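Engineer: Here you go, this is model.csv (CSV, C-alpha atoms).
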chain,number,residue,atom,x,y,z
P,2,MET,CA,1.7,10.1,-23.0
P,3,SER,CA,3.0,11.9,-20.0
P,4,ASN,CA,2.1,11.2,-16.4
P,5,ALA,CA,0.3,14.5,-16.2
P,6,VAL,CA,-2.0,13.5,-19.0
P,7,LYS,CA,-2.5,10.0,-17.8
P,8,GLY,CA,-2.9,10.8,-14.1
P,9,ASN,CA,-4.9,13.5,-12.3
P,10,GLY,CA,-3.2,16.4,-13.9
P,11,HIS,CA,-0.5,16.7,-11.2
P,12,GLY,CA,1.6,13.7,-12.4
P,13,MET,CA,0.0,11.4,-9.9
P,14,ALA,CA,-2.2,8.4,-10.3
P,15,ALA,CA,-6.0,9.0,-10.5
P,16,ALA,CA,-8.0,8.2,-7.4
P,17,ASP,CA,-10.1,5.5,-9.2
P,18,SER,CA,-7.0,3.6,-10.2
P,19,ARG,CA,-5.7,3.8,-6.7
P,20,ALA,CA,-9.0,2.6,-5.3
P,21,ALA,CA,-9.1,-0.4,-7.7
P,22,ALA,CA,-5.5,-1.3,-6.7
P,23,THR,CA,-6.5,-1.1,-3.0
P,24,LEU,CA,-9.3,-3.6,-3.6
P,25,ILE,CA,-7.0,-6.0,-5.4
P,26,ASP,CA,-4.4,-5.6,-2.6
P,27,GLY,CA,-7.1,-6.6,-0.1
P,28,PHE,CA,-6.5,-10.2,-1.2
P,29,VAL,CA,-2.9,-9.9,-0.2
P,30,VAL,CA,-4.0,-8.6,3.2
P,31,LEU,CA,-6.4,-11.6,3.5
P,32,VAL,CA,-3.5,-14.0,2.8
P,33,CYS,CA,-1.6,-12.2,5.6
P,34,LEU,CA,-4.6,-12.7,7.9
P,35,TRP,CA,-4.4,-16.5,7.2
P,36,ALA,CA,-0.6,-16.5,7.8
P,37,ALA,CA,-1.0,-14.5,11.1
P,38,SER,CA,-3.7,-16.8,12.5
P,39,PRO,CA,-1.3,-19.0,14.5
P,40,ALA,CA,-0.5,-16.0,16.7
P,41,GLY,CA,-3.9,-16.2,18.2
P,42,ASP,CA,-3.5,-20.0,18.8
P,43,VAL,CA,-0.1,-19.4,20.5
P,44,ALA,CA,-1.5,-16.7,22.7
P,45,HIS,CA,-4.4,-18.9,23.7
P,46,ALA,CA,-2.1,-21.8,24.4
P,47,LEU,CA,-0.1,-19.5,26.7
P,48,GLY,CA,-3.2,-18.8,28.7
P,49,ALA,CA,-4.3,-15.5,27.2
P,50,PRO,CA,-8.1,-14.7,27.4
P,51,TRP,CA,-10.1,-14.7,24.2
P,52,TRP,CA,-9.5,-10.9,23.7
P,53,GLY,CA,-5.8,-11.4,24.2
P,54,SER,CA,-5.7,-14.0,21.4
P,55,MET,CA,-7.7,-11.7,19.2
P,56,LEU,CA,-5.3,-8.8,20.0
P,57,ALA,CA,-2.3,-11.0,19.2
P,58,LEU,CA,-3.8,-12.0,15.9
P,59,GLY,CA,-4.7,-8.4,15.0
P,60,LEU,CA,-1.3,-7.1,15.8
P,61,CYS,CA,0.5,-9.8,13.9
P,62,TRP,CA,-1.9,-9.4,11.0
P,63,VAL,CA,-1.3,-5.6,10.7
P,64,VAL,CA,2.5,-5.9,11.0
P,65,LEU,CA,2.7,-8.8,8.5
P,66,SER,CA,0.4,-7.0,6.0
P,67,VAL,CA,2.4,-3.7,6.3
P,68,ALA,CA,5.7,-5.6,5.9
P,69,VAL,CA,4.6,-7.6,2.9
P,70,LEU,CA,3.1,-4.6,1.1
P,71,ALA,CA,6.2,-2.5,1.8
P,72,ALA,CA,8.4,-5.3,0.5
P,73,PHE,CA,6.5,-5.2,-2.8
P,74,GLU,CA,6.8,-1.4,-3.1
P,75,ALA,CA,10.5,-1.4,-2.2
P,76,SER,CA,11.3,-4.2,-4.6
P,77,ALA,CA,12.3,-3.8,-8.3
P,78,LEU,CA,8.6,-4.0,-9.1
P,79,ARG,CA,8.0,-0.8,-7.2
P,80,ALA,CA,4.3,-1.8,-6.8
P,81,THR,CA,2.0,-4.1,-5.0
P,82,PRO,CA,0.1,-6.7,-7.0
P,83,GLY,CA,-2.9,-4.4,-7.2
P,84,LYS,CA,-0.8,-1.4,-8.4
P,85,LEU,CA,0.8,-3.7,-11.0
P,86,ALA,CA,-2.6,-4.7,-12.3
P,87,CYS,CA,-3.7,-1.1,-12.5
P,88,GLY,CA,-0.6,0.2,-14.1
P,89,LEU,CA,0.7,2.2,-11.1
P,90,ARG,CA,4.1,2.5,-9.4
P,91,VAL,CA,5.3,3.9,-6.1
P,92,THR,CA,8.3,6.2,-6.3
P,93,ASP,CA,10.0,8.7,-4.0
P,94,THR,CA,9.3,12.4,-4.8
P,95,ALA,CA,12.3,12.5,-7.1
P,96,GLY,CA,10.9,9.5,-9.2
P,97,GLY,CA,13.4,7.0,-7.8
P,98,ARG,CA,13.0,3.7,-6.1
P,99,VAL,CA,11.4,3.8,-2.6
P,100,ARG,CA,13.5,2.5,0.4
P,101,TYR,CA,11.9,-0.2,2.5
P,102,VAL,CA,11.6,2.1,5.5
P,103,ALA,CA,9.7,4.7,3.5
P,104,ALA,CA,7.4,2.0,2.1
P,105,PHE,CA,6.8,0.5,5.5
P,106,ARG,CA,6.0,4.0,6.9
P,107,ARG,CA,3.6,4.6,3.9
P,108,ASN,CA,1.7,1.3,4.5
P,109,LEU,CA,1.6,1.8,8.2
P,110,GLY,CA,0.0,5.2,7.6
P,111,LYS,CA,-2.6,3.6,5.3
P,112,PHE,CA,-3.6,1.2,8.1
P,113,ALA,CA,-3.6,3.9,10.7
P,114,TRP,CA,-5.8,6.2,8.7
P,115,SER,CA,-8.2,3.3,8.1
P,116,LEU,CA,-8.4,2.6,11.8
P,117,ILE,CA,-9.4,6.1,12.7
P,118,GLY,CA,-12.0,6.2,10.0
P,119,VAL,CA,-10.6,8.7,7.5
P,120,ALA,CA,-9.6,6.1,4.9
P,121,PHE,CA,-11.4,7.8,2.0
P,122,LEU,CA,-9.7,11.2,2.6
P,123,ALA,CA,-6.4,9.6,3.4
P,124,ARG,CA,-6.3,7.5,0.3
P,125,SER,CA,-7.8,9.9,-2.3
P,126,GLY,CA,-5.4,11.9,-4.4
P,127,TRP,CA,-7.7,14.9,-4.2
P,128,ALA,CA,-5.0,17.4,-3.3
P,129,PRO,CA,-1.7,18.2,-4.9
P,130,GLY,CA,1.0,16.4,-3.1
P,131,GLY,CA,-0.9,13.0,-2.9
P,132,SER,CA,-2.6,11.1,-0.2
P,133,LEU,CA,-1.8,11.8,3.5
P,134,HIS,CA,0.2,8.6,3.9
P,135,ASP,CA,2.2,9.4,0.8
P,136,ARG,CA,3.0,12.9,1.9
P,137,ARG,CA,4.0,11.6,5.4
P,138,ALA,CA,6.3,9.0,3.8
P,139,GLY,CA,7.7,11.2,1.1
P,140,THR,CA,6.4,8.9,-1.7
P,141,ILE,CA,4.1,9.3,-4.7
P,142,VAL,CA,2.0,6.9,-6.7
P,143,VAL,CA,2.3,7.5,-10.5
P,144,PRO,CA,1.0,5.8,-13.6
P,145,VAL,CA,3.5,3.7,-15.4
P,146,SER,CA,4.3,5.3,-18.7
P,147,PRO,CA,3.9,3.0,-21.6
P,148,LYS,CA,7.1,1.7,-23.2
P,149,VAL,CA,7.5,2.9,-26.8
P,150,SER,CA,8.8,0.1,-28.9
P,151,HIS,CA,11.0,0.9,-31.9
P,152,GLU,CA,9.0,-1.6,-34.0
P,153,SER,CA,5.8,0.4,-33.7
P,154,ARG,CA,7.3,3.5,-35.3
How would this structure read if it were set down as structure tokens?
Structural biologist:
Amino acid sequence: MSNAVKGNGHGMAAADSRAAATLIDGFVVLVCLWAASPAGDVAHALGAPWWGSMLALGLCWVVLSVAVLAAFEASALRATPGKLACGLRVTDTAGGRVRYVAAFRRNLGKFAWSLIGVAFLARSGWAPGGSLHDRRAGTIVVPVSPKVSHESR
């Protein structure tokens, strides 16, 4: 089955698969929050007010989350754990492996769109060309085509 048949008709992953992958990846982001929590303690120990500790925690959390998700997408897996579970893969526009810089830019865009409140529009694949963060980073999310084994023929 081709990507155009499995996806949304444009060769891209359907919005419901992407949404499910985002929910699963939320657990990865929560682990990053736990890993970034010492940043708030360090800021507090250095004499920062409570809001300074929260700011340090928030910045470390976002940077760590973006870096970890980008590392998954730039790896040989070409997908985060959520995308793997949903049968999706991140590629460049030519179908090749994404470089780390593009994956980092893509995930930073996802967080930025979420912060300004247009997460639904930014993440939906409603328009040809993909989501806003995908278009900005030069990436595309596609369904993984099933492998055809010679034994099943």
Engineer: Quick one: everything within 12 Å of segment 70-83 of chain P, counting only C-alpha atoms, minus sequence neighbours fewer than 3 positions away in the same chain. Send it as a PyMOL selection string.
Structural biologist: chain P and resi 18-30+32-33+63-67+86-93+96-112+138+140-145
Engineer: Any chance you can output those residues with C-alpha atoms as a PDB file, in the coordinates of the input?
Structural biologist:
ATOM      1  CA  SER P  18      -7.000   3.600 -10.200  1.00  0.00           C
ATOM      2  CA  ARG P  19      -5.700   3.800  -6.700  1.00  0.00           C
ATOM      3  CA  ALA P  20      -9.000   2.600  -5.300  1.00  0.00           C
ATOM      4  CA  ALA P  21      -9.100  -0.400  -7.700  1.00  0.00           C
ATOM      5  CA  ALA P  22      -5.500  -1.300  -6.700  1.00  0.00           C
ATOM      6  CA  THR P  23      -6.500  -1.100  -3.000  1.00  0.00           C
ATOM      7  CA  LEU P  24      -9.300  -3.600  -3.600  1.00  0.00           C
ATOM      8  CA  ILE P  25      -7.000  -6.000  -5.400  1.00  0.00           C
ATOM      9  CA  ASP P  26      -4.400  -5.600  -2.600  1.00  0.00           C
ATOM     10  CA  GLY P  27      -7.100  -6.600  -0.100  1.00  0.00           C
ATOM     11  CA  PHE P  28      -6.500 -10.200  -1.200  1.00  0.00           C
ATOM     12  CA  VAL P  29      -2.900  -9.900  -0.200  1.00  0.00           C
ATOM     13  CA  VAL P  30      -4.000  -8.600   3.200  1.00  0.00           C
ATOM     14  CA  VAL P  32      -3.500 -14.000   2.800  1.00  0.00           C
ATOM     15  CA  CYS P  33      -1.600 -12.200   5.600  1.00  0.00           C
ATOM     16  CA  VAL P  63      -1.300  -5.600  10.700  1.00  0.00           C
ATOM     17  CA  VAL P  64       2.500  -5.900  11.000  1.00  0.00           C
ATOM     18  CA  LEU P  65       2.700  -8.800   8.500  1.00  0.00           C
ATOM     19  CA  SER P  66       0.400  -7.000   6.000  1.00  0.00           C
ATOM     20  CA  VAL P  67       2.400  -3.700   6.300  1.00  0.00           C
ATOM     21  CA  ALA P  86      -2.600  -4.700 -12.300  1.00  0.00           C
ATOM     22  CA  CYS P  87      -3.700  -1.100 -12.500  1.00  0.00           C
ATOM     23  CA  GLY P  88      -0.600   0.200 -14.100  1.00  0.00           C
ATOM     24  CA  LEU P  89       0.700   2.200 -11.100  1.00  0.00           C
ATOM     25  CA  ARG P  90       4.100   2.500  -9.400  1.00  0.00           C
ATOM     26  CA  VAL P  91       5.300   3.900  -6.100  1.00  0.00           C
ATOM     27  CA  THR P  92       8.300   6.200  -6.300  1.00  0.00           C
ATOM     28  CA  ASP P  93      10.000   8.700  -4.000  1.00  0.00           C
ATOM     29  CA  GLY P  96      10.900   9.500  -9.200  1.00  0.00           C
ATOM     30  CA  GLY P  97      13.400   7.000  -7.800  1.00  0.00           C
ATOM     31  CA  ARG P  98      13.000   3.700  -6.100  1.00  0.00           C
ATOM     32  CA  VAL P  99      11.400   3.800  -2.600  1.00  0.00           C
ATOM     33  CA  ARG P 100      13.500   2.500   0.400  1.00  0.00           C
ATOM     34  CA  TYR P 101      11.900  -0.200   2.500  1.00  0.00           C
ATOM     35  CA  VAL P 102      11.600   2.100   5.500  1.00  0.00           C
ATOM     36  CA  ALA P 103       9.700   4.700   3.500  1.00  0.00           C
ATOM     37  CA  ALA P 104       7.400   2.000   2.100  1.00  0.00           C
ATOM     38  CA  PHE P 105       6.800   0.500   5.500  1.00  0.00           C
ATOM     39  CA  ARG P 106       6.000   4.000   6.900  1.00  0.00           C
ATOM     40  CA  ARG P 107       3.600   4.600   3.900  1.00  0.00           C
ATOM     41  CA  ASN P 108       1.700   1.300   4.500  1.00  0.00           C
ATOM     42  CA  LEU P 109       1.600   1.800   8.200  1.00  0.00           C
ATOM     43  CA  GLY P 110       0.000   5.200   7.600  1.00  0.00           C
ATOM     44  CA  LYS P 111      -2.600   3.600   5.300  1.00  0.00           C
ATOM     45  CA  PHE P 112      -3.600   1.200   8.100  1.00  0.00           C
ATOM     46  CA  ALA P 138       6.300   9.000   3.800  1.00  0.00           C
ATOM     47  CA  THR P 140       6.400   8.900  -1.700  1.00  0.00           C
ATOM     48  CA  ILE P 141       4.100   9.300  -4.700  1.00  0.00           C
ATOM     49  CA  VAL P 142       2.000   6.900  -6.700  1.00  0.00           C
ATOM     50  CA  VAL P 143       2.300   7.500 -10.500  1.00  0.00           C
ATOM     51  CA  PRO P 144       1.000   5.800 -13.600  1.00  0.00           C
ATOM     52  CA  VAL P 145       3.500   3.700 -15.400  1.00  0.00           C
TER      53      VAL P 145
END
Engineer: Between P:Ala40, P:Ser115, P:Thr94, P:Trp35, which has the minimum distance to Asp135 of chain P (counting only C-alpha atoms)?
Structural biologist: P:Thr94
Engineer: Could you work out how far atom CA of Ser132 of chain P lies from atom CA of Cys61 of chain P, giving the answer in Å with one decimal?
Structural biologist: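 Between these atoms lies a distance of 25.4 Å.
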Engineer: Enter the distance from atom CA of Ala37 of chain P to atom CA of Ala57 of chain P, in Å, rounded to one decimal.
Structural biologist: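 According to the coordinates, atom CA of Ala37 of chain P and atom CA of Ala57 of chain P are separated by 8.9 Å.
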Engineer: Find the residues around Ala44 of chain P up to 9 Å (all atoms listed in the file counted), leave out those fewer than 6 positions away in its own chain, and share them as number ranges by chain.
Structural biologist: P: 50-51, 53-55, 57-58
Engineer: Please measure the separation of atom CA of Ala68 of chain P and atom CA of Ile117 of chain P, giving the value in Å to one decimal.
Structural biologist: 20.3 Å
Engineer: Identify which of the residues P:Leu47, P:Ala95, P:Lys84, P:Gly139 lies closest to Asp17 of chain P, counting only C-alpha atoms when measuring atom-to-atom distances.
Structural biologist: P:Lys84
Engineer: Can you save segment 82-97 of chain P of the given block to a file, including all heavy atoms and formatted as a PDB file, in the first residue's frame?
Structural biologist:
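Dumped to decode18.pdb:
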ATOM      1  N   PRO P  82       9.409   7.623  20.157  1.00  0.00           N
ATOM      2  CA  PRO P  82       8.679   6.421  20.586  1.00  0.00           C
ATOM      3  C   PRO P  82       7.199   6.443  20.191  1.00  0.00           C
ATOM      4  O   PRO P  82       6.639   5.418  19.799  1.00  0.00           O
ATOM      5  CB  PRO P  82       8.849   6.435  22.106  1.00  0.00           C
ATOM      6  CG  PRO P  82      10.153   7.124  22.320  1.00  0.00           C
ATOM      7  CD  PRO P  82      10.204   8.182  21.250  1.00  0.00           C
ATOM      8  N   GLY P  83       6.566   7.601  20.264  1.00  0.00           N
ATOM      9  CA  GLY P  83       5.163   7.699  19.869  1.00  0.00           C
ATOM     10  C   GLY P  83       4.957   7.450  18.380  1.00  0.00           C
ATOM     11  O   GLY P  83       4.011   6.776  17.970  1.00  0.00           O
ATOM     12  N   LYS P  84       5.830   7.993  17.569  1.00  0.00           N
ATOM     13  CA  LYS P  84       5.718   7.767  16.128  1.00  0.00           C
ATOM     14  C   LYS P  84       5.993   6.306  15.782  1.00  0.00           C
ATOM     15  O   LYS P  84       5.345   5.748  14.897  1.00  0.00           O
ATOM     16  CB  LYS P  84       6.655   8.700  15.371  1.00  0.00           C
ATOM     17  CG  LYS P  84       6.156  10.135  15.351  1.00  0.00           C
ATOM     18  CD  LYS P  84       7.101  11.017  14.579  1.00  0.00           C
ATOM     19  CE  LYS P  84       6.677  12.455  14.684  1.00  0.00           C
ATOM     20  NZ  LYS P  84       6.648  12.965  16.059  1.00  0.00           N
ATOM     21  N   LEU P  85       6.950   5.689  16.467  1.00  0.00           N
ATOM     22  CA  LEU P  85       7.205   4.260  16.246  1.00  0.00           C
ATOM     23  C   LEU P  85       5.957   3.443  16.561  1.00  0.00           C
ATOM     24  O   LEU P  85       5.589   2.538  15.806  1.00  0.00           O
ATOM     25  CB  LEU P  85       8.361   3.780  17.117  1.00  0.00           C
ATOM     26  CG  LEU P  85       9.768   4.144  16.664  1.00  0.00           C
ATOM     27  CD1 LEU P  85      10.780   3.718  17.711  1.00  0.00           C
ATOM     28  CD2 LEU P  85      10.083   3.503  15.336  1.00  0.00           C
ATOM     29  N   ALA P  86       5.313   3.750  17.678  1.00  0.00           N
ATOM     30  CA  ALA P  86       4.116   3.011  18.079  1.00  0.00           C
ATOM     31  C   ALA P  86       2.966   3.206  17.096  1.00  0.00           C
ATOM     32  O   ALA P  86       2.140   2.312  16.918  1.00  0.00           O
ATOM     33  CB  ALA P  86       3.684   3.441  19.473  1.00  0.00           C
ATOM     34  N   CYS P  87       2.918   4.353  16.451  1.00  0.00           N
ATOM     35  CA  CYS P  87       1.829   4.650  15.506  1.00  0.00           C
ATOM     36  C   CYS P  87       2.198   4.363  14.060  1.00  0.00           C
ATOM     37  O   CYS P  87       1.413   4.661  13.153  1.00  0.00           O
ATOM     38  CB  CYS P  87       1.411   6.116  15.664  1.00  0.00           C
ATOM     39  SG  CYS P  87       0.665   6.452  17.256  1.00  0.00           S
ATOM     40  N   GLY P  88       3.393   3.836  13.821  1.00  0.00           N
ATOM     41  CA  GLY P  88       3.788   3.494  12.457  1.00  0.00           C
ATOM     42  C   GLY P  88       4.126   4.692  11.597  1.00  0.00           C
ATOM     43  O   GLY P  88       3.850   4.707  10.401  1.00  0.00           O
ATOM     44  N   LEU P  89       4.739   5.710  12.200  1.00  0.00           N
ATOM     45  CA  LEU P  89       5.104   6.927  11.480  1.00  0.00           C
ATOM     46  C   LEU P  89       6.604   7.101  11.476  1.00  0.00           C
ATOM     47  O   LEU P  89       7.315   6.532  12.302  1.00  0.00           O
ATOM     48  CB  LEU P  89       4.444   8.145  12.128  1.00  0.00           C
ATOM     49  CG  LEU P  89       2.931   8.104  12.266  1.00  0.00           C
ATOM     50  CD1 LEU P  89       2.437   9.312  13.036  1.00  0.00           C
ATOM     51  CD2 LEU P  89       2.260   8.025  10.907  1.00  0.00           C
ATOM     52  N   ARG P  90       7.081   7.937  10.565  1.00  0.00           N
ATOM     53  CA  ARG P  90       8.512   8.219  10.454  1.00  0.00           C
ATOM     54  C   ARG P  90       8.676   9.669   9.996  1.00  0.00           C
ATOM     55  O   ARG P  90       7.884  10.174   9.221  1.00  0.00           O
ATOM     56  CB  ARG P  90       9.112   7.229   9.469  1.00  0.00           C
ATOM     57  CG  ARG P  90      10.335   7.647   8.790  1.00  0.00           C
ATOM     58  CD  ARG P  90      10.832   6.642   7.799  1.00  0.00           C
ATOM     59  NE  ARG P  90      10.977   5.351   8.451  1.00  0.00           N
ATOM     60  CZ  ARG P  90      11.331   4.260   7.836  1.00  0.00           C
ATOM     61  NH1 ARG P  90      11.583   4.271   6.561  1.00  0.00           N
ATOM     62  NH2 ARG P  90      11.439   3.131   8.488  1.00  0.00           N
ATOM     63  N   VAL P  91       9.748  10.314  10.469  1.00  0.00           N
ATOM     64  CA  VAL P  91      10.070  11.685  10.059  1.00  0.00           C
ATOM     65  C   VAL P  91      11.168  11.611   9.006  1.00  0.00           C
ATOM     66  O   VAL P  91      12.199  10.986   9.218  1.00  0.00           O
ATOM     67  CB  VAL P  91      10.546  12.537  11.256  1.00  0.00           C
ATOM     68  CG1 VAL P  91      10.889  13.948  10.806  1.00  0.00           C
ATOM     69  CG2 VAL P  91       9.484  12.572  12.333  1.00  0.00           C
ATOM     70  N   THR P  92      10.933  12.256   7.867  1.00  0.00           N
ATOM     71  CA  THR P  92      11.923  12.289   6.801  1.00  0.00           C
ATOM     72  C   THR P  92      12.092  13.725   6.326  1.00  0.00           C
ATOM     73  O   THR P  92      11.289  14.593   6.654  1.00  0.00           O
ATOM     74  CB  THR P  92      11.503  11.428   5.593  1.00  0.00           C
ATOM     75  OG1 THR P  92      10.334  11.997   4.995  1.00  0.00           O
ATOM     76  CG2 THR P  92      11.217  10.000   6.006  1.00  0.00           C
ATOM     77  N   ASP P  93      13.135  13.950   5.533  1.00  0.00           N
ATOM     78  CA  ASP P  93      13.223  15.244   4.877  1.00  0.00           C
ATOM     79  C   ASP P  93      12.276  15.204   3.674  1.00  0.00           C
ATOM     80  O   ASP P  93      11.639  14.192   3.404  1.00  0.00           O
ATOM     81  CB  ASP P  93      14.666  15.591   4.492  1.00  0.00           C
ATOM     82  CG  ASP P  93      15.286  14.621   3.523  1.00  0.00           C
ATOM     83  OD1 ASP P  93      14.570  13.769   2.959  1.00  0.00           O
ATOM     84  OD2 ASP P  93      16.510  14.697   3.334  1.00  0.00           O
ATOM     85  N   THR P  94      12.164  16.298   2.966  1.00  0.00           N
ATOM     86  CA  THR P  94      11.194  16.367   1.873  1.00  0.00           C
ATOM     87  C   THR P  94      11.525  15.428   0.723  1.00  0.00           C
ATOM     88  O   THR P  94      10.650  15.088  -0.063  1.00  0.00           O
ATOM     89  CB  THR P  94      11.062  17.804   1.346  1.00  0.00           C
ATOM     90  OG1 THR P  94      12.367  18.281   1.000  1.00  0.00           O
ATOM     91  CG2 THR P  94      10.443  18.712   2.395  1.00  0.00           C
ATOM     92  N   ALA P  95      12.771  14.964   0.646  1.00  0.00           N
ATOM     93  CA  ALA P  95      13.165  14.017  -0.399  1.00  0.00           C
ATOM     94  C   ALA P  95      13.006  12.570   0.059  1.00  0.00           C
ATOM     95  O   ALA P  95      13.285  11.651  -0.696  1.00  0.00           O
ATOM     96  CB  ALA P  95      14.609  14.279  -0.820  1.00  0.00           C
ATOM     97  N   GLY P  96      12.575  12.363   1.307  1.00  0.00           N
ATOM     98  CA  GLY P  96      12.393  11.013   1.827  1.00  0.00           C
ATOM     99  C   GLY P  96      13.608  10.453   2.539  1.00  0.00           C
ATOM    100  O   GLY P  96      13.603   9.299   2.941  1.00  0.00           O
ATOM    101  N   GLY P  97      14.641  11.258   2.713  1.00  0.00           N
ATOM    102  CA  GLY P  97      15.866  10.797   3.370  1.00  0.00           C
ATOM    103  C   GLY P  97      15.841  11.023   4.869  1.00  0.00           C
ATOM    104  O   GLY P  97      14.875  11.550   5.426  1.00  0.00           O
TER     105      GLY P  97
END
